[in-house]
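Step one of this worksheet: look at the structure below.
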Amino acid sequence: MAYRSEGAGSIIATPRGAARLRQSRRYGNGAGDVNAHVARRTVRLRLSFMARGLGALLCLLTLAGMPAWAAMPRILALGDSLTAGYGLLPEEAFPTQLRKKLAAAGVKAEIINGGVSGDTTAGGLARLDWALADKPDFVLVELGANDALRGIDPKVTRDNLDKILARIAASDAKTLLIGFMAPLNWGDDYAAAFNAIYPELAAKYHVPLYPFFLDGVVLDPALNQPDGLHPNRQGVRIIVDRIAPYVERLISDPHAGSAGSPG
C-alpha cells in the first residue's frame, strides 16, 4: 500500500509511493526534507569536484612556471678524451663520477657523456648541433686540450669556442666553460695567447668559468695513467670534487656569471 498524487490534494495508494514515503520519514517529516538533503549533497559534490579541479589547475600553473630542469636537470658534458673517460671503465669516467657526486649532495641530474677522444674545438663545433638535439638544460664545455697539444693557432681555437658558446646560448641551455692551460713547449707567446681564450670568452658570454680541468692532477704520476696525460680513477675523483661546486651553482643559479667562485 502506497500513494501517488491524483489532482490537487488527493492521494491514491501505489507501491512505489509507499517506498518514497518511508524514505522521506527517515530524513524528516516530508518529501521536502528529502529534496533539501539531496540538494545539499549535490552542492557538496560539486564543490568537491571544483576544489579538485582548482587544485589540479594550480598544480599545472605552478609546474608551468618552473624551469624545465626543476625535476631532473639534463647536463651535456661536451668534451674530448678527458670527458669521454679514455682508459677508464664507464663508471670511472668524469660524467659518471660527477653524477654520483651531485647525487650525494642531493642534486639529481642526468649527465650525457658527450666526450669524444681526440676531439679538437673544431670537432666539437662540427658535432654540436647533433649533441644539442638531446635538449640539455646545461652544457659543460671541456674542449681545447688537443688544440694546445697539437699547437693549433689560438685564434682558430678561440673562434671555434666562440661559435660553440654562441650556439649553446641560442639553444637556451646554460653553460659552464671549462678551461685548459697550454703546455710550455710551444713557447711563452703561444701559452699567453691560448690561456687568455677562456677568461675572455667567459666574460663575453657571461658564463661561469672553471679555469683548468686538470687542476690538482696534472703532472702527478699517482693521479694519472701511464701516458701522463689522462687522469686515472683517483685523478678524476679529485677533478670532480673540485668542479662539482661549480656545477651545483650552475644548476641552482643558472644566471650566475663568471665573476667569483662558488661556495
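By order of appearance in the C-alpha cells: chains A, B, ..., then residues from 1 within every chain, and ligands from 1 in the order shown.
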Using only C-alpha atoms, which residues of segment 203-260 of chain A come within 10 Å of segment 105-110 of chain A, and what is the closest atom pair for each, with the distance in Å to one decimal? Give it as CSV, sorted by chain and residue number.
```
residue,atom,partner,partner_atom,distance
A:Ala244,CA,A:Ala105,CA,9.5
A:Pro245,CA,A:Ala105,CA,9.7
A:Val247,CA,A:Val107,CA,10.0
A:Glu248,CA,A:Val107,CA,7.5
A:Ile251,CA,A:Val107,CA,8.9
A:Ser252,CA,A:Val107,CA,9.6
```
If you count only C-alpha atoms, which residues fall within 12 Å of Asn232 of chain A, apart from same-chain ones fewer than 4 positions away, as an mmCIF file with N, CA and C atoms, in the first residue's frame?
```cif
data_model
loop_
_atom_site.group_PDB
_atom_site.id
_atom_site.type_symbol
_atom_site.label_atom_id
_atom_site.label_comp_id
_atom_site.auth_asym_id
_atom_site.auth_seq_id
_atom_site.Cartn_x
_atom_site.Cartn_y
_atom_site.Cartn_z
ATOM 1 N N LEU A 82 89.269 13.571 -22.078
ATOM 2 C CA LEU A 82 89.212 13.843 -20.644
ATOM 3 C C LEU A 82 87.785 13.681 -20.121
ATOM 4 N N GLY A 85 86.468 9.637 -20.857
ATOM 5 C CA GLY A 85 86.928 8.603 -19.924
ATOM 6 C C GLY A 85 87.928 7.662 -20.570
ATOM 7 N N TYR A 86 88.827 8.201 -21.381
ATOM 8 C CA TYR A 86 89.845 7.391 -22.045
ATOM 9 C C TYR A 86 90.623 6.555 -21.024
ATOM 10 N N GLY A 87 90.718 5.241 -21.280
ATOM 11 C CA GLY A 87 91.480 4.336 -20.422
ATOM 12 C C GLY A 87 90.792 3.963 -19.125
ATOM 13 N N LEU A 88 89.530 4.365 -18.966
ATOM 14 C CA LEU A 88 88.815 4.096 -17.728
ATOM 15 C C LEU A 88 87.574 3.253 -17.999
ATOM 16 N N LEU A 89 87.067 2.616 -16.958
ATOM 17 C CA LEU A 89 85.771 1.965 -17.054
ATOM 18 C C LEU A 89 84.685 3.041 -17.095
ATOM 19 N N GLU A 92 84.023 4.932 -14.041
ATOM 20 C CA GLU A 92 85.135 5.736 -13.539
ATOM 21 C C GLU A 92 85.293 7.058 -14.279
ATOM 22 N N ALA A 93 84.569 7.215 -15.381
ATOM 23 C CA ALA A 93 84.707 8.403 -16.213
ATOM 24 C C ALA A 93 84.126 9.635 -15.532
ATOM 25 N N PHE A 94 84.546 10.789 -16.006
ATOM 26 C CA PHE A 94 84.134 12.061 -15.416
ATOM 27 C C PHE A 94 82.622 12.225 -15.320
ATOM 28 N N LEU A 214 92.380 20.104 -15.377
ATOM 29 C CA LEU A 214 93.312 19.187 -14.715
ATOM 30 C C LEU A 214 93.927 19.774 -13.450
ATOM 31 N N VAL A 217 95.752 17.795 -10.540
ATOM 32 C CA VAL A 217 96.014 16.441 -11.031
ATOM 33 C C VAL A 217 97.196 16.397 -12.002
ATOM 34 N N VAL A 218 97.358 17.436 -12.796
ATOM 35 C CA VAL A 218 98.365 17.451 -13.850
ATOM 36 C C VAL A 218 99.772 17.213 -13.285
ATOM 37 N N ASP A 220 101.065 14.757 -11.831
ATOM 38 C CA ASP A 220 101.196 13.899 -10.654
ATOM 39 C C ASP A 220 101.049 12.447 -11.099
ATOM 40 N N PRO A 221 102.143 11.671 -11.091
ATOM 41 C CA PRO A 221 102.082 10.289 -11.568
ATOM 42 C C PRO A 221 101.052 9.433 -10.832
ATOM 43 N N ALA A 222 100.817 9.721 -9.568
ATOM 44 C CA ALA A 222 99.875 8.921 -8.781
ATOM 45 C C ALA A 222 98.441 9.151 -9.215
ATOM 46 N N LEU A 223 98.171 10.242 -9.924
ATOM 47 C CA LEU A 223 96.807 10.597 -10.311
ATOM 48 C C LEU A 223 96.566 10.487 -11.810
ATOM 49 N N ASN A 224 97.567 10.006 -12.542
ATOM 50 C CA ASN A 224 97.438 9.907 -13.989
ATOM 51 C C ASN A 224 97.749 8.508 -14.488
ATOM 52 N N GLN A 225 97.265 8.215 -15.670
ATOM 53 C CA GLN A 225 97.559 6.955 -16.316
ATOM 54 C C GLN A 225 99.013 6.974 -16.815
ATOM 55 N N PRO A 226 99.524 5.838 -17.239
ATOM 56 C CA PRO A 226 100.931 5.780 -17.645
ATOM 57 C C PRO A 226 101.322 6.773 -18.738
ATOM 58 N N ASP A 227 100.365 7.225 -19.554
ATOM 59 C CA ASP A 227 100.723 8.175 -20.609
ATOM 60 C C ASP A 227 101.012 9.573 -20.057
ATOM 61 N N GLY A 228 100.679 9.811 -18.797
ATOM 62 C CA GLY A 228 100.961 11.094 -18.181
ATOM 63 C C GLY A 228 100.016 12.207 -18.608
ATOM 64 N N VAL A 236 90.376 11.524 -11.578
ATOM 65 C CA VAL A 236 89.046 12.017 -11.950
ATOM 66 C C VAL A 236 88.248 12.366 -10.702
ATOM 67 N N ARG A 237 88.404 11.588 -9.650
ATOM 68 C CA ARG A 237 87.674 11.883 -8.418
ATOM 69 C C ARG A 237 88.052 13.263 -7.883
ATOM 70 N N ILE A 238 89.337 13.586 -7.928
ATOM 71 C CA ILE A 238 89.787 14.896 -7.454
ATOM 72 C C ILE A 238 89.233 16.005 -8.341
ATOM 73 N N ILE A 239 89.246 15.784 -9.656
ATOM 74 C CA ILE A 239 88.678 16.768 -10.580
ATOM 75 C C ILE A 239 87.207 16.998 -10.271
#
```
Between atom CA of Phe180 of chain A and atom CA of Leu209 of chain A, what is the distance, to one decimal in Å?
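Between atom CA of Phe180 of chain A and atom CA of Leu209 of chain A the gap works out to 10.7 Å.
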Would you mind writing down, as a PDB file with N, CA and C atoms, in the first residue's frame, each residue of segment 61-216 of chain A that DSSP on the backbone assigns to strand (DSSP E)?
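Listed below is the output, out16.pdb:
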```pdb
ATOM      1  N   ARG A  74      69.075  18.077 -17.131  1.00  0.00           N
ATOM      2  CA  ARG A  74      69.841  17.293 -18.114  1.00  0.00           C
ATOM      3  C   ARG A  74      71.107  18.070 -18.466  1.00  0.00           C
ATOM      4  N   ILE A  75      72.252  17.439 -18.226  1.00  0.00           N
ATOM      5  CA  ILE A  75      73.537  18.098 -18.427  1.00  0.00           C
ATOM      6  C   ILE A  75      74.303  17.383 -19.527  1.00  0.00           C
ATOM      7  N   LEU A  76      74.746  18.145 -20.514  1.00  0.00           N
ATOM      8  CA  LEU A  76      75.597  17.611 -21.567  1.00  0.00           C
ATOM      9  C   LEU A  76      77.044  17.945 -21.237  1.00  0.00           C
ATOM     10  N   ALA A  77      77.880  16.919 -21.113  1.00  0.00           N
ATOM     11  CA  ALA A  77      79.314  17.122 -20.931  1.00  0.00           C
ATOM     12  C   ALA A  77      79.969  17.004 -22.302  1.00  0.00           C
ATOM     13  N   LEU A  78      80.246  18.146 -22.904  1.00  0.00           N
ATOM     14  CA  LEU A  78      80.806  18.196 -24.258  1.00  0.00           C
ATOM     15  C   LEU A  78      82.321  18.319 -24.153  1.00  0.00           C
ATOM     16  N   GLY A  79      83.041  17.296 -24.597  1.00  0.00           N
ATOM     17  CA  GLY A  79      84.482  17.366 -24.439  1.00  0.00           C
ATOM     18  C   GLY A  79      85.243  16.362 -25.280  1.00  0.00           C
ATOM     19  N   GLU A 110      70.682  14.138 -14.815  1.00  0.00           N
ATOM     20  CA  GLU A 110      71.074  13.237 -15.905  1.00  0.00           C
ATOM     21  C   GLU A 110      72.261  13.872 -16.613  1.00  0.00           C
ATOM     22  N   ILE A 111      73.350  13.129 -16.737  1.00  0.00           N
ATOM     23  CA  ILE A 111      74.542  13.669 -17.389  1.00  0.00           C
ATOM     24  C   ILE A 111      74.848  12.847 -18.627  1.00  0.00           C
ATOM     25  N   ILE A 112      74.863  13.512 -19.762  1.00  0.00           N
ATOM     26  CA  ILE A 112      75.128  12.868 -21.046  1.00  0.00           C
ATOM     27  C   ILE A 112      76.618  12.960 -21.336  1.00  0.00           C
ATOM     28  N   ASN A 113      77.253  11.823 -21.559  1.00  0.00           N
ATOM     29  CA  ASN A 113      78.677  11.806 -21.880  1.00  0.00           C
ATOM     30  C   ASN A 113      78.847  12.178 -23.354  1.00  0.00           C
ATOM     31  N   GLY A 114      79.176  13.448 -23.590  1.00  0.00           N
ATOM     32  CA  GLY A 114      79.406  13.930 -24.949  1.00  0.00           C
ATOM     33  C   GLY A 114      80.880  14.084 -25.247  1.00  0.00           C
ATOM     34  N   GLY A 115      81.701  13.235 -24.627  1.00  0.00           N
ATOM     35  CA  GLY A 115      83.143  13.292 -24.869  1.00  0.00           C
ATOM     36  C   GLY A 115      83.548  12.384 -26.018  1.00  0.00           C
ATOM     37  N   PHE A 138      71.813  22.229 -19.416  1.00  0.00           N
ATOM     38  CA  PHE A 138      73.130  22.782 -19.138  1.00  0.00           C
ATOM     39  C   PHE A 138      74.166  22.072 -19.996  1.00  0.00           C
ATOM     40  N   VAL A 139      75.242  22.794 -20.327  1.00  0.00           N
ATOM     41  CA  VAL A 139      76.333  22.207 -21.100  1.00  0.00           C
ATOM     42  C   VAL A 139      77.653  22.543 -20.416  1.00  0.00           C
ATOM     43  N   LEU A 140      78.437  21.511 -20.152  1.00  0.00           N
ATOM     44  CA  LEU A 140      79.797  21.686 -19.658  1.00  0.00           C
ATOM     45  C   LEU A 140      80.719  21.590 -20.863  1.00  0.00           C
ATOM     46  N   VAL A 141      81.381  22.677 -21.218  1.00  0.00           N
ATOM     47  CA  VAL A 141      82.224  22.706 -22.410  1.00  0.00           C
ATOM     48  C   VAL A 141      83.676  22.482 -21.989  1.00  0.00           C
ATOM     49  N   GLU A 142      84.194  21.303 -22.289  1.00  0.00           N
ATOM     50  CA  GLU A 142      85.580  20.945 -21.978  1.00  0.00           C
ATOM     51  C   GLU A 142      86.277  20.600 -23.291  1.00  0.00           C
ATOM     52  N   LYS A 174      72.274  26.585 -20.463  1.00  0.00           N
ATOM     53  CA  LYS A 174      73.240  27.366 -19.701  1.00  0.00           C
ATOM     54  C   LYS A 174      74.583  26.640 -19.711  1.00  0.00           C
ATOM     55  N   THR A 175      75.662  27.425 -19.707  1.00  0.00           N
ATOM     56  CA  THR A 175      76.995  26.859 -19.932  1.00  0.00           C
ATOM     57  C   THR A 175      77.926  27.050 -18.752  1.00  0.00           C
ATOM     58  N   LEU A 176      78.717  26.026 -18.498  1.00  0.00           N
ATOM     59  CA  LEU A 176      79.909  26.152 -17.665  1.00  0.00           C
ATOM     60  C   LEU A 176      81.091  25.915 -18.591  1.00  0.00           C
ATOM     61  N   LEU A 177      81.929  26.934 -18.756  1.00  0.00           N
ATOM     62  CA  LEU A 177      83.111  26.813 -19.610  1.00  0.00           C
ATOM     63  C   LEU A 177      84.265  26.279 -18.773  1.00  0.00           C
ATOM     64  N   ILE A 178      84.882  25.220 -19.260  1.00  0.00           N
ATOM     65  CA  ILE A 178      85.997  24.593 -18.553  1.00  0.00           C
ATOM     66  C   ILE A 178      87.276  24.841 -19.340  1.00  0.00           C
ATOM     67  N   LEU A 209      83.244  30.172 -15.310  1.00  0.00           N
ATOM     68  CA  LEU A 209      84.459  29.543 -15.826  1.00  0.00           C
ATOM     69  C   LEU A 209      85.123  28.717 -14.736  1.00  0.00           C
ATOM     70  N   TYR A 210      85.403  27.456 -15.065  1.00  0.00           N
ATOM     71  CA  TYR A 210      86.301  26.650 -14.237  1.00  0.00           C
ATOM     72  C   TYR A 210      87.646  26.706 -14.953  1.00  0.00           C
TER      73      TYR A 210
END
```
Within 10 Å of Tyr205 of chain A using only C-alpha atoms, minus same-chain residues under 4 positions, as a VMD selection string:
chain A and resid 162 165 to 166 169 175 177 200 to 201 257 to 258
Those same residues, written as a short mmCIF file (atom, residue, chain, number, x, y, z; two decimals), in the first residue's frame with C-alpha atoms?
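The resulting file, out37.cif, is shown below:
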```cif
data_model
loop_
_atom_site.label_atom_id
_atom_site.label_comp_id
_atom_site.auth_asym_id
_atom_site.auth_seq_id
_atom_site.Cartn_x
_atom_site.Cartn_y
_atom_site.Cartn_z
CA ASP A 162 83.22 31.41 -29.63
CA LEU A 165 79.19 29.20 -26.88
CA ALA A 166 77.02 31.24 -29.23
CA ALA A 169 73.28 30.31 -25.84
CA THR A 175 76.99 26.86 -19.93
CA LEU A 177 83.11 26.81 -19.61
CA GLU A 200 87.88 36.30 -22.41
CA LEU A 201 85.04 34.14 -23.75
CA GLY A 257 78.20 34.87 -14.41
CA SER A 258 81.87 34.05 -14.32
#
```
Enter the distance from atom CA of Met181 of chain A to atom CA of Val207 of chain A, in Å, rounded to one decimal.
18.6 Å
Name all residues at most 10 Å from Gly123 of chain A (count only C-alpha atoms; drop same-chain ones fewer than 6 positions away) and give them as a PyMOL selection string.
chain A and resi 79-80+116+143+160
Within 10 Å of Asp172 of chain A using only C-alpha atoms, minus same-chain residues under 6 positions, as a list in words:
Lys135, Pro136, Asp137 and Phe138 of chain A
Which of these residues is nearest to Gly118 of chain A, using only C-alpha atoms: A:His230, A:Pro90, A:Lys204, A:Leu184?
A:His230
Measuring between only C-alpha atoms, which one of A:Val156, A:Val240, A:Ala131, A:Leu219 shows the shortest distance to Ile168 of chain A?
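The closest residue to Ile168 of chain A is A:Ala131.
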I'd like the contact shell of Ala191 of chain A - 12 Å cut-off, only C-alpha atoms, skipping same-chain residues fewer than 2 positions apart - returned as a list in words.
Asp147, Ala148, Leu149, Gly151, Ile152, Asp153, Pro154, Phe180, Met181, Ala182, Pro183, Leu184, Asn185, Trp186, Gly187, Asp188, Asp189, Ala193, Phe194, Asn195, Ala196 and Ile197 of chain A
Selection export as a PDB file, in the first residue's frame, atoms kept: C-alpha atoms:
```pdb
ATOM      1  CA  ASP A 147      94.294  22.083 -29.789  1.00  0.00           C
ATOM      2  CA  ALA A 148      97.034  23.015 -27.340  1.00  0.00           C
ATOM      3  CA  LEU A 149      98.814  19.669 -27.616  1.00  0.00           C
ATOM      4  CA  GLY A 151      99.918  23.620 -31.413  1.00  0.00           C
ATOM      5  CA  ILE A 152      96.817  24.822 -33.272  1.00  0.00           C
ATOM      6  CA  ASP A 153      96.715  28.587 -33.724  1.00  0.00           C
ATOM      7  CA  PRO A 154      94.990  30.072 -30.638  1.00  0.00           C
ATOM      8  CA  PHE A 180      92.755  24.345 -20.257  1.00  0.00           C
ATOM      9  CA  MET A 181      96.340  25.541 -19.982  1.00  0.00           C
ATOM     10  CA  ALA A 182      98.786  25.316 -22.869  1.00  0.00           C
ATOM     11  CA  PRO A 183     101.967  23.254 -22.435  1.00  0.00           C
ATOM     12  CA  LEU A 184     105.143  25.310 -22.245  1.00  0.00           C
ATOM     13  CA  ASN A 185     106.873  23.559 -25.160  1.00  0.00           C
ATOM     14  CA  TRP A 186     105.178  25.924 -27.653  1.00  0.00           C
ATOM     15  CA  GLY A 187     106.730  28.974 -26.050  1.00  0.00           C
ATOM     16  CA  ASP A 188     105.552  31.798 -23.829  1.00  0.00           C
ATOM     17  CA  ASP A 189     103.761  33.746 -26.556  1.00  0.00           C
ATOM     18  CA  ALA A 193      97.551  33.705 -26.251  1.00  0.00           C
ATOM     19  CA  PHE A 194      95.991  30.306 -25.622  1.00  0.00           C
ATOM     20  CA  ASN A 195      95.455  30.712 -21.875  1.00  0.00           C
ATOM     21  CA  ALA A 196      93.673  34.022 -22.403  1.00  0.00           C
ATOM     22  CA  ILE A 197      90.958  32.417 -24.548  1.00  0.00           C
TER      23      ILE A 197
END
```
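Between atom CA of Thr157 of chain A and atom CA of Gly179 of chain A the interatomic distance comes to 11.9 Å.
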Run DSSP on the backbone of this structure and report the residues of segment 57-242 of chain A it assigns to alpha helix (DSSP H), as a ChimeraX atom specification.
/A:57-65,81-84,94-104,121-126,128-132,145-150,154-170,188-195,197-205,233-242
List the spatial neighbours of Leu125 of chain A as a PyMOL selection string - criterion: any atom at most 9 Å away, only C-alpha atoms, same-chain residues fewer than 4 positions off excluded.
chain A and resi 120-121+129+160-161+163-164
